[in-house]
$ cat query07.csv   # CSV, C-alpha atoms and all ligand atoms
chain,number,residue,atom,x,y,z
A,1,MET,CA,-189.1,-24.5,-219.4
A,2,GLY,CA,-192.5,-26.2,-219.6
A,3,GLU,CA,-195.1,-25.6,-217.0
A,4,LEU,CA,-194.9,-28.0,-214.0
A,5,ILE,CA,-198.1,-30.0,-213.3
A,6,ASP,CA,-198.3,-30.0,-209.5
A,7,GLY,CA,-199.8,-33.4,-208.7
A,8,LYS,CA,-199.4,-32.8,-205.0
A,9,ALA,CA,-201.5,-29.6,-205.1
A,10,ILE,CA,-204.2,-31.1,-207.3
A,11,ALA,CA,-204.3,-34.2,-205.0
A,12,GLU,CA,-204.7,-31.9,-201.9
A,13,GLN,CA,-207.6,-30.1,-203.6
A,14,ILE,CA,-209.3,-33.4,-204.4
A,15,LYS,CA,-208.8,-34.7,-200.8
A,16,SER,CA,-210.1,-31.6,-199.2
A,17,GLN,CA,-213.3,-31.9,-201.4
A,18,LEU,CA,-213.6,-35.5,-200.3
A,19,LYS,CA,-213.0,-34.7,-196.7
A,20,ALA,CA,-216.0,-32.3,-196.7
A,21,GLU,CA,-218.1,-34.9,-198.5
A,22,ILE,CA,-217.1,-37.7,-196.0
A,23,GLY,CA,-218.2,-35.5,-193.1
A,24,THR,CA,-221.7,-35.2,-194.5
A,25,LEU,CA,-221.9,-38.8,-195.5
A,26,THR,CA,-220.7,-40.1,-192.2
A,27,GLU,CA,-223.4,-38.1,-190.4
A,28,LYS,CA,-226.0,-39.4,-192.8
A,29,VAL,CA,-225.1,-43.1,-192.8
A,30,GLY,CA,-224.0,-43.3,-189.1
A,31,ARG,CA,-220.5,-44.6,-189.8
A,32,ALA,CA,-217.4,-43.6,-191.7
A,33,PRO,CA,-216.2,-45.1,-195.0
A,34,GLY,CA,-213.7,-48.0,-194.3
A,35,LEU,CA,-210.7,-49.3,-196.1
A,36,GLY,CA,-208.9,-52.6,-195.4
A,37,VAL,CA,-205.3,-52.7,-196.5
A,38,ILE,CA,-203.3,-56.0,-196.7
A,39,LEU,CA,-199.5,-55.9,-197.0
A,40,VAL,CA,-197.6,-59.1,-197.3
A,41,GLY,CA,-193.9,-59.0,-196.6
A,42,ASP,CA,-191.6,-56.1,-196.2
A,43,ASN,CA,-191.0,-54.7,-199.7
A,44,PRO,CA,-189.7,-51.2,-198.9
A,45,ALA,CA,-191.6,-49.4,-201.6
A,46,SER,CA,-194.8,-51.2,-200.7
A,47,LYS,CA,-194.4,-50.2,-197.0
A,48,VAL,CA,-194.1,-46.5,-198.1
A,49,TYR,CA,-197.3,-46.8,-200.2
A,50,VAL,CA,-199.2,-48.4,-197.3
A,51,THR,CA,-198.0,-45.7,-194.9
A,52,ASN,CA,-199.1,-43.0,-197.3
A,53,LYS,CA,-202.5,-44.7,-197.7
A,54,ARG,CA,-203.0,-44.8,-193.9
A,55,LYS,CA,-202.0,-41.1,-193.5
A,56,ALA,CA,-204.5,-40.2,-196.2
A,57,CYS,CA,-207.3,-42.2,-194.5
A,58,ASP,CA,-206.5,-40.5,-191.2
A,59,GLU,CA,-206.5,-37.1,-192.8
A,60,LEU,CA,-209.9,-37.6,-194.4
A,61,ASN,CA,-211.6,-39.5,-191.5
A,62,ILE,CA,-211.8,-42.8,-193.4
A,63,PHE,CA,-211.7,-45.8,-191.0
A,64,SER,CA,-208.7,-47.9,-192.0
A,65,GLN,CA,-207.6,-51.3,-190.9
A,66,GLU,CA,-204.2,-52.8,-191.8
A,67,TYR,CA,-203.2,-56.4,-192.0
A,68,LEU,CA,-199.4,-56.9,-192.0
A,69,LEU,CA,-198.7,-60.5,-193.0
A,70,ASP,CA,-195.3,-62.2,-192.9
A,71,LYS,CA,-193.6,-62.7,-196.2
A,72,HIS,CA,-193.8,-66.5,-195.8
A,73,VAL,CA,-197.5,-66.4,-194.9
A,74,GLU,CA,-199.5,-69.5,-196.1
A,75,GLU,CA,-201.9,-68.8,-198.9
A,76,ARG,CA,-204.7,-70.1,-196.7
A,77,VAL,CA,-204.1,-67.2,-194.2
A,78,LEU,CA,-204.2,-64.6,-196.9
A,79,ARG,CA,-207.3,-66.1,-198.3
A,80,GLU,CA,-209.0,-66.0,-194.9
A,81,THR,CA,-207.9,-62.4,-194.4
A,82,ILE,CA,-209.5,-61.4,-197.7
A,83,GLU,CA,-212.7,-63.3,-197.0
A,84,GLN,CA,-213.0,-61.7,-193.5
A,85,LEU,CA,-212.7,-58.3,-195.1
A,86,ASN,CA,-215.3,-59.2,-197.8
A,87,LYS,CA,-217.8,-60.0,-194.9
A,88,ASP,CA,-216.9,-57.0,-192.7
A,89,ASP,CA,-219.7,-54.4,-193.0
A,90,ARG,CA,-217.4,-51.6,-191.8
A,91,ILE,CA,-215.1,-52.1,-194.8
A,92,ASP,CA,-216.1,-50.6,-198.1
A,93,GLY,CA,-212.8,-51.0,-199.9
A,94,ILE,CA,-210.1,-53.8,-199.9
A,95,LEU,CA,-206.6,-53.1,-201.1
A,96,LEU,CA,-204.2,-56.0,-201.5
A,97,GLN,CA,-200.8,-54.3,-201.9
A,98,LEU,CA,-198.9,-55.7,-204.9
A,99,PRO,CA,-196.4,-57.2,-205.7
A,100,LEU,CA,-197.0,-60.4,-203.6
A,101,PRO,CA,-194.1,-62.7,-202.7
A,102,ASP,CA,-193.4,-65.3,-205.4
A,103,HIS,CA,-195.1,-68.2,-203.6
A,104,LEU,CA,-198.5,-66.4,-203.8
A,105,ASP,CA,-200.6,-66.3,-206.9
A,106,GLU,CA,-201.5,-62.6,-207.5
A,107,ASP,CA,-204.2,-63.4,-210.0
A,108,ALA,CA,-205.9,-65.9,-207.7
A,109,MET,CA,-205.6,-63.7,-204.6
A,110,VAL,CA,-207.0,-60.5,-206.3
A,111,SER,CA,-209.8,-62.7,-207.7
A,112,LEU,CA,-211.0,-63.4,-204.1
A,113,ILE,CA,-211.7,-59.8,-203.4
A,114,GLU,CA,-215.4,-58.9,-203.6
A,115,PRO,CA,-215.7,-56.9,-206.8
A,116,ALA,CA,-218.0,-54.4,-205.1
A,117,LYS,CA,-215.1,-53.6,-202.6
A,118,ASP,CA,-212.3,-53.7,-205.2
A,119,VAL,CA,-211.3,-50.1,-204.9
A,120,ASP,CA,-208.1,-50.8,-206.8
A,121,GLY,CA,-210.0,-51.9,-209.8
A,122,PHE,CA,-207.7,-55.0,-210.3
A,123,HIS,CA,-210.4,-57.7,-210.2
A,124,LYS,CA,-211.1,-59.2,-213.6
A,125,LEU,CA,-214.8,-58.3,-213.3
A,126,ASN,CA,-213.8,-54.6,-212.9
A,127,LEU,CA,-211.3,-54.8,-215.7
A,128,GLY,CA,-214.0,-56.4,-217.9
A,129,ARG,CA,-216.5,-53.7,-217.0
A,130,LEU,CA,-213.9,-51.0,-218.0
A,131,LEU,CA,-213.5,-52.7,-221.4
A,132,TRP,CA,-217.3,-52.6,-221.8
A,133,GLY,CA,-217.4,-48.9,-220.8
A,134,LYS,CA,-219.5,-49.8,-217.8
A,135,GLU,CA,-217.0,-49.1,-215.0
A,136,LEU,CA,-217.6,-49.9,-211.4
A,137,PHE,CA,-214.0,-49.3,-210.2
A,138,VAL,CA,-211.1,-48.1,-212.3
A,139,ALA,CA,-207.5,-48.6,-211.1
A,140,CYS,CA,-206.2,-45.6,-209.1
A,141,THR,CA,-203.2,-44.6,-211.2
A,142,PRO,CA,-205.0,-44.5,-214.5
A,143,LEU,CA,-207.8,-42.5,-212.9
A,144,GLY,CA,-205.2,-40.2,-211.3
A,145,VAL,CA,-203.5,-39.6,-214.7
A,146,GLN,CA,-206.8,-38.7,-216.3
A,147,GLN,CA,-207.7,-36.3,-213.4
A,148,LEU,CA,-204.3,-34.7,-213.5
A,149,LEU,CA,-204.7,-33.9,-217.2
A,150,LEU,CA,-208.3,-32.7,-216.9
A,151,ARG,CA,-207.6,-30.5,-213.9
A,152,SER,CA,-204.5,-29.0,-215.6
A,153,GLY,CA,-206.6,-27.9,-218.6
A,154,VAL,CA,-205.0,-30.4,-221.0
A,155,LYS,CA,-207.3,-31.5,-223.8
A,156,ILE,CA,-207.6,-35.2,-223.9
A,157,GLU,CA,-210.5,-35.4,-226.5
A,158,GLY,CA,-209.1,-36.0,-230.0
A,159,SER,CA,-205.5,-35.9,-228.8
A,160,HIS,CA,-202.9,-38.6,-229.6
A,161,VAL,CA,-201.9,-40.2,-226.3
A,162,VAL,CA,-198.8,-42.4,-226.5
A,163,ILE,CA,-198.4,-44.7,-223.4
A,164,VAL,CA,-195.1,-46.4,-223.0
A,165,GLY,CA,-195.7,-49.5,-220.8
A,166,ARG,CA,-198.3,-52.2,-221.0
A,167,SER,CA,-198.8,-53.3,-217.3
A,168,ASN,CA,-202.1,-54.6,-216.0
A,169,ILE,CA,-202.0,-51.8,-213.3
A,170,VAL,CA,-201.2,-48.8,-215.5
A,171,GLY,CA,-200.6,-49.2,-219.3
A,172,LYS,CA,-203.6,-51.4,-220.2
A,173,PRO,CA,-206.3,-49.8,-218.0
A,174,LEU,CA,-205.1,-46.3,-218.9
A,175,ALA,CA,-205.2,-47.0,-222.6
A,176,THR,CA,-208.8,-48.3,-222.2
A,177,LEU,CA,-209.9,-45.4,-220.0
A,178,LEU,CA,-208.6,-42.7,-222.3
A,179,MET,CA,-210.1,-44.3,-225.5
A,180,GLN,CA,-213.6,-44.5,-223.9
A,181,LYS,CA,-216.4,-42.8,-225.9
A,182,LYS,CA,-217.0,-40.4,-223.0
A,183,PRO,CA,-216.3,-36.9,-221.9
A,184,GLY,CA,-212.8,-36.6,-220.5
A,185,ALA,CA,-211.6,-39.3,-222.8
A,186,ASN,CA,-212.1,-39.8,-226.6
A,187,ALA,CA,-208.4,-39.9,-227.2
A,188,THR,CA,-206.5,-41.7,-229.9
A,189,VAL,CA,-204.3,-44.1,-228.0
A,190,THR,CA,-201.1,-45.9,-228.9
A,191,VAL,CA,-199.4,-48.3,-226.5
A,192,CYS,CA,-195.7,-48.9,-226.8
A,193,HIS,CA,-193.5,-51.3,-224.8
A,194,SER,CA,-190.1,-52.9,-224.4
A,195,ARG,CA,-190.4,-54.7,-227.8
A,196,THR,CA,-191.5,-51.6,-229.8
A,197,GLY,CA,-189.0,-51.3,-232.6
A,198,ASN,CA,-189.2,-47.6,-233.4
A,199,LEU,CA,-190.1,-46.2,-230.0
A,200,GLY,CA,-188.7,-42.6,-230.5
A,201,GLU,CA,-190.5,-42.3,-233.8
A,202,ILE,CA,-193.8,-43.1,-232.2
A,203,THR,CA,-193.3,-41.1,-229.0
A,204,ARG,CA,-192.5,-38.0,-231.1
A,205,THR,CA,-196.1,-38.2,-232.6
A,206,ALA,CA,-197.6,-37.8,-229.1
A,207,ASP,CA,-199.6,-34.8,-228.0
A,208,ILE,CA,-199.7,-36.4,-224.5
A,209,LEU,CA,-196.8,-38.8,-223.7
A,210,VAL,CA,-197.3,-41.1,-220.7
A,211,ALA,CA,-194.2,-42.9,-219.4
A,212,ALA,CA,-195.1,-46.0,-217.4
A,213,MET,CA,-192.4,-48.6,-218.0
A,214,GLY,CA,-190.5,-48.5,-214.7
A,215,SER,CA,-187.0,-47.7,-216.0
A,216,PRO,CA,-185.3,-44.6,-214.8
A,217,GLY,CA,-184.7,-41.7,-217.3
A,218,THR,CA,-185.6,-43.7,-220.4
A,219,ILE,CA,-187.7,-41.0,-222.1
A,220,THR,CA,-185.0,-38.6,-223.4
A,221,ALA,CA,-185.6,-35.1,-224.9
A,222,ASP,CA,-185.2,-36.3,-228.5
A,223,MET,CA,-188.2,-38.7,-228.0
A,224,VAL,CA,-190.5,-35.8,-227.2
A,225,ARG,CA,-192.2,-33.5,-229.7
A,226,PRO,CA,-191.7,-29.8,-228.7
A,227,GLY,CA,-194.9,-28.7,-226.9
A,228,ALA,CA,-196.1,-32.1,-225.9
A,229,VAL,CA,-197.5,-32.8,-222.5
A,230,VAL,CA,-195.4,-35.4,-220.5
A,231,VAL,CA,-196.8,-37.5,-217.7
A,232,ASP,CA,-194.3,-39.5,-215.7
A,233,VAL,CA,-195.8,-42.5,-213.9
A,234,GLY,CA,-192.4,-44.1,-213.0
A,235,ILE,CA,-191.2,-44.2,-209.4
A,236,ASN,CA,-187.7,-45.6,-209.3
A,237,ARG,CA,-185.2,-45.7,-206.4
A,238,ILE,CA,-181.7,-44.9,-207.5
A,239,PRO,CA,-178.6,-44.8,-205.2
A,240,ASP,CA,-177.7,-41.4,-203.9
A,241,GLU,CA,-175.0,-41.1,-201.3
A,242,THR,CA,-175.8,-37.4,-200.6
A,243,ARG,CA,-179.2,-38.5,-199.1
A,244,LYS,CA,-179.7,-39.8,-195.6
A,245,SER,CA,-181.8,-42.7,-196.9
A,246,GLY,CA,-179.0,-43.5,-199.5
A,247,TYR,CA,-181.4,-43.3,-202.4
A,248,ARG,CA,-183.6,-40.8,-204.3
A,249,LEU,CA,-186.7,-41.2,-206.4
A,250,VAL,CA,-186.7,-40.5,-210.1
A,251,GLY,CA,-189.2,-41.1,-212.9
A,252,ASP,CA,-189.0,-42.8,-216.2
A,253,VAL,CA,-188.4,-39.4,-217.9
A,254,ASP,CA,-185.1,-37.6,-218.1
A,255,PHE,CA,-186.8,-34.7,-216.4
A,256,ASP,CA,-183.9,-32.1,-216.6
A,257,ALA,CA,-183.7,-32.4,-220.4
A,258,VAL,CA,-187.4,-33.1,-221.2
A,259,LYS,CA,-188.7,-30.1,-219.2
A,260,ASP,CA,-187.3,-27.7,-221.8
A,261,VAL,CA,-189.1,-29.5,-224.6
A,262,ALA,CA,-192.5,-30.2,-223.1
A,263,SER,CA,-195.3,-27.6,-222.7
A,264,LYS,CA,-196.3,-29.3,-219.4
A,265,ILE,CA,-194.6,-32.0,-217.4
A,266,THR,CA,-195.2,-33.9,-214.1
A,267,PRO,CA,-192.4,-34.1,-211.6
A,268,VAL,CA,-191.3,-37.2,-209.6
A,269,PRO,CA,-192.0,-37.1,-206.7
A,270,GLY,CA,-195.0,-34.9,-206.5
A,271,GLY,CA,-196.7,-35.7,-209.8
A,272,VAL,CA,-198.8,-38.9,-210.4
A,273,GLY,CA,-197.9,-40.5,-207.0
A,274,PRO,CA,-200.1,-38.3,-204.8
A,275,MET,CA,-202.9,-38.6,-207.3
A,276,THR,CA,-203.0,-42.4,-207.0
A,277,ILE,CA,-203.6,-42.0,-203.3
A,278,ALA,CA,-206.3,-39.3,-203.8
A,279,MET,CA,-208.1,-41.6,-206.3
A,280,LEU,CA,-208.0,-44.5,-203.8
A,281,MET,CA,-209.7,-42.3,-201.3
A,282,ALA,CA,-212.3,-41.3,-204.0
A,283,ASN,CA,-212.9,-44.9,-204.9
A,284,THR,CA,-213.4,-45.8,-201.3
A,285,VAL,CA,-216.0,-43.0,-200.9
A,286,ARG,CA,-217.6,-44.2,-204.2
A,287,SER,CA,-217.9,-47.7,-202.8
A,288,PHE,CA,-219.3,-46.4,-199.5
A,289,LYS,CA,-222.0,-44.5,-201.4
A,290,MET,CA,-222.9,-47.5,-203.6
A,291,ARG,CA,-223.0,-49.9,-200.6
A,292,ASN,CA,-225.4,-47.5,-198.8
A,293,GLY,CA,-227.7,-47.0,-201.8
A,294,LEU,CA,-226.6,-43.4,-202.3
A,295,PRO,CA,-226.1,-41.9,-205.8
A,296,VAL,CA,-222.5,-41.7,-207.1
B,1,LIG,N1,-198.4,-51.7,-206.2
B,1,LIG,C1,-198.1,-50.6,-206.9
B,1,LIG,N2,-199.1,-49.8,-207.1
B,1,LIG,C2,-200.1,-50.3,-206.5
B,1,LIG,C3,-201.5,-49.9,-206.4
B,1,LIG,O1,-202.0,-48.9,-206.9
B,1,LIG,N3,-202.3,-50.8,-205.7
B,1,LIG,C4,-201.8,-51.9,-205.1
B,1,LIG,N4,-202.7,-52.7,-204.5
B,1,LIG,N5,-200.6,-52.3,-205.3
B,1,LIG,C5,-199.8,-51.5,-205.9
$ encode --input "query07.csv" --output "structure tokens" --more "lines below"
Ligand code: GUN
Amino acid sequence: MGELIDGKAIAEQIKSQLKAEIGTLTEKVGRAPGLGVILVGDNPASKVYVTNKRKACDELNIFSQEYLLDKHVEERVLRETIEQLNKDDRIDGILLQLPLPDHLDEDAMVSLIEPAKDVDGFHKLNLGRLLWGKELFVACTPLGVQQLLLRSGVKIEGSHVVIVGRSNIVGKPLATLLMQKKPGANATVTVCHSRTGNLGEITRTADILVAAMGSPGTITADMVRPGAVVVDVGINRIPDETRKSGYRLVGDVDFDAVKDVASKITPVPGGVGPMTIAMLMANTVRSFKMRNGLPV
């Protein structure tokens, strides 16, 4: 079996470094870094994410404020909530949990977030800066995947990275991040998606294969070159009557079969998920430093 990449352990290591740094920074500035989180509606997966974010803030001594809005909330109310957080000096990062209910325009709402507080890196200004190679904030999951690879000793530079999935949150920013002309990047990147004709043929050419399409077990063993590194970004709930909750989480990779082909592989849960949270904390500290004129 390939080596397991322990995202939970790596995330813990990053968080403990951040916690020490936050202690020093809080003393220096006279207040703690602050994160404002907005959740609209009651999507069960979103509620889990938001709870995990709050726990991480508590653990690291980051001030966090949550706004839980009804799923039928008027756009005006959401707009005012974002504007209030933009103005609040205690808040360094604003996170609007996606997806939003259908009556709200995600693009318009994300665009209201002050780019200097956009710790999710979803604002078009921050996406544009990433394209230019002048990043302010990069989305947390792509950053988490990069850190996971670097901290596991995987060579990104010069490698062929194949990303399956072209979302605005993962596929597109991750492709951009890993092709940057910078240390920790310089990869050759191919992006595949649901309309890619010869998917298996392309994924078999990957040194590093990233599955981020949101469909359970789609990457099968025959799609992976022996010795490749496999990163599974998928978090899918599938029914499981043996669990108290009635479901279990699986990734986009057929883990049981692919683990015997890959040289290294991330599990679900305990792979990319905890890294996303750790990078959100890192981005919040980064914002805090920049907003207080400290070097980043
Ligand atoms: N929905 C799924 N992942 C994310 C994320 O990283 N940030 C936000 N805001 N919403 C999400």
$ residues_around --input "query07.csv" --residues "Trp132 (chain A)" --least-positions-apart "4" --cutoff "12 Å" --atoms "all atoms listed in the file" --output "ChimeraX atom specification"
/A:125-128,136,173,176-177,179-181
$ residues_near_ligand --input "query07.csv" --ligand "ligand LIG 1 (chain B)" --cutoff "6 Å" --atoms "only C-alpha atoms and all ligand atoms" --output "list in words"
Leu95, Leu96, Gln97, Leu98, Pro99, Asp120 and Cys140 of chain A
$ residues_around --input "query07.csv" --residues "Val268 (chain A)" --least-positions-apart "6" --cutoff "8 Å" --atoms "all atoms listed in the file" --output "VMD selection string"
chain A and resid 232 234 to 235 249 to 251
$ write_last_selection --input "query07.csv" --atoms "C-alpha atoms" --output "PDB file, in the frame of the given file"
ATOM      1  CA  ASP A 232    -194.300 -39.500-215.700  1.00  0.00           C
ATOM      2  CA  GLY A 234    -192.400 -44.100-213.000  1.00  0.00           C
ATOM      3  CA  ILE A 235    -191.200 -44.200-209.400  1.00  0.00           C
ATOM      4  CA  LEU A 249    -186.700 -41.200-206.400  1.00  0.00           C
ATOM      5  CA  VAL A 250    -186.700 -40.500-210.100  1.00  0.00           C
ATOM      6  CA  GLY A 251    -189.200 -41.100-212.900  1.00  0.00           C
TER       7      GLY A 251
END
$ residues_around --input "query07.csv" --residues "Met281 (chain A)" --least-positions-apart "2" --cutoff "8 Å" --atoms "all atoms listed in the file" --output "number ranges by chain"
A: 15, 18, 56-57, 277-279, 283-285
$ atom_distance --input "query07.csv" --atom1 "CA of Pro142 (chain A)" --atom2 "CA of Ala175 (chain A)"
8.5 Å
$ atom_distance --input "query07.csv" --atom1 "CA of Leu149 (chain A)" --atom2 "CA of Val110 (chain A)"
28.8 Å
$ atom_distance --input "query07.csv" --atom1 "CA of Glu74 (chain A)" --atom2 "CA of Ala108 (chain A)"
13.7 Å
$ residues_around --input "query07.csv" --residues "Asp207 (chain A)" --least-positions-apart "4" --cutoff "10 Å" --atoms "all atoms listed in the file" --output "list in words"
Val154, Lys155, Ile156, Gly158, Ser159, His160, Val161, Val162, Thr188, Thr203, Val224, Arg225, Pro226, Gly227, Ala228, Val229, Val230, Ala262 and Ser263 of chain A
$ closest_residue --input "query07.csv" --among "A:Ala45, A:Leu39, A:Ile62, A:Ile163" --to "Ile22 (chain A)" --atoms "only C-alpha atoms"
A:Ile62
$ closest_residue --input "query07.csv" --among "A:Arg195, A:Arg243, A:Val253, A:Tyr67" --to "Thr218 (chain A)" --atoms "only C-alpha atoms"
A:Val253
$ closest_residue --input "query07.csv" --among "A:Thr276, A:Thr220, A:Thr205, A:Thr196" --to "Ile169 (chain A)" --atoms "only C-alpha atoms"
A:Thr276
$ closest_residue --input "query07.csv" --among "A:Val29, A:Leu130, A:Leu150, A:Met109" --to "Met290 (chain A)" --atoms "all atoms listed in the file"
A:Val29
$ residues_around --input "query07.csv" --residues "region 3-14 of chain A" --least-positions-apart "4" --cutoff "6 Å" --atoms "all atoms listed in the file" --output "number ranges by chain"
A: 264-266, 270-272, 274-275, 278
